[in-house]
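Each remark here refers to the structure printed beneath this line.
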Amino acid sequence: MIGKIHLFGGLLILGCFLVSGQYLDQMFSALELGSDPVRYMYRANHTYILLSGLLNIAIGIRFELHKLDWKRGLQYLGSLHLCVAPAVLIYAFIVEAQPGEGDRFFTGLGVFFLFLGTLLQIPSSPVFTRKKRI
């Protein structure tokens, strides 16, 4: 179930990425904003939305709950962070890249959630699971 949430959520986020790209295309071609820092902030946040969608898809494709309780708990916690991060990054895209806004708290928070959510998935990876050797 969680794997499907990541997979379909990631696909939905990719849709948001496409919509935000169209928004950028229309906004910057219509307004011809000459402020490079503002354009770079929008592009960075746009790329973070793509990153969050791709990470959710990647996790969703191979997601299996681990048998050990503590590893499963880390998976749940990591999944929560990975599912919340896109909403935070989309909010940051809308709010933080406005001219004159120097503080990018929500962008940093969203990227940190992606980082932490990914790290919390590592212990349940098959690479770290012991198998009996014959």
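Each chain in the structure tokens gets a letter, A, B, ..., in the order shown, and its residues are numbered from 1; ligands are numbered from 1 in order too.
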
Give me the residues near segment 60-63 of chain A as a short mmCIF file (atom, residue, chain, number, x, y, z; two decimals) with C-alpha atoms, in the first residue's frame, where near means some atom within 9 Å (using only C-alpha atoms) and where sequence neighbours in that chain fewer than 4 positions away do not count.
data_model
loop_
_atom_site.label_atom_id
_atom_site.label_comp_id
_atom_site.auth_asym_id
_atom_site.auth_seq_id
_atom_site.Cartn_x
_atom_site.Cartn_y
_atom_site.Cartn_z
CA ILE A 2 2.74 2.47 0.94
CA GLY A 3 4.65 1.63 -2.24
CA LYS A 4 1.58 2.51 -4.31
CA ILE A 5 1.21 5.80 -2.45
CA HIS A 6 4.81 6.66 -3.30
CA LEU A 7 4.44 5.55 -6.91
CA PHE A 8 1.17 7.30 -7.72
CA GLY A 9 2.05 10.28 -5.55
CA GLY A 10 5.33 10.59 -7.45
CA LEU A 55 12.47 9.96 -5.42
CA ASN A 56 8.90 8.97 -4.59
#

Under the rule that only C-alpha atoms are counted, which of A:Phe106, A:Ile90, A:Ile122, A:Arg72 is the nearest residue to Leu51 of chain A? A:Ile90

Polymer residues at most 10 Å from Arg43 of chain A, only C-alpha atoms, same-chain spacing of 6 or more positions, as a PyMOL selection string: chain A and resi 20-21+24+37+49+93+97

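Going from atom CA of Ser124 of chain A to atom CA of Leu109 of chain A covers 24.1 Å.
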
To test your reading of the structure, identify every residue in segment 18-126 of chain A that backbone DSSP assigns to helix (DSSP H, G or I), and report it as number ranges by chain. A: 18-31, 36-61, 69-95, 105-124, 126

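With only C-alpha atoms taken into account, the protein and nucleic acid residues at most 10 Å from Ala92 of chain A (excluding it and anything under 5 positions from it in its own chain) are Tyr42, Asn45, His46, Tyr48, Ile49, Pro86, Ala87, Ala97, Gln98, Arg104, Phe105, Phe106, Thr107, Gly108, Leu109 and Gly110 of chain A.
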
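Take atom CA of Ile13 of chain A and atom CA of Gly78 of chain A: the distance between them is 17.6 Å.
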
Tell me, as an MDAnalysis selection string, which residues lie within 12 Å of Leu68 of chain A, counting only C-alpha atoms; anything in the same chain fewer than 6 positions away does not count. chainID A and resid 74:75 123:124 129

Mind writing the picked residues with C-alpha atoms as a PDB file, in the first residue's frame?
ATOM      1  CA  LEU A  74      12.216   3.673  10.040  1.00  0.00           C
ATOM      2  CA  GLN A  75      10.548   2.937   6.707  1.00  0.00           C
ATOM      3  CA  PRO A 123      18.449   0.188   6.728  1.00  0.00           C
ATOM      4  CA  SER A 124      15.615  -1.805   5.142  1.00  0.00           C
ATOM      5  CA  THR A 129      19.845  -7.668   4.932  1.00  0.00           C
TER       6      THR A 129
END

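Restricting the calculation to only C-alpha atoms, the smallest distance between Leu116 of chain A and any of A:Val38, A:Leu89, A:Val95, A:Val84 is found for A:Val84.
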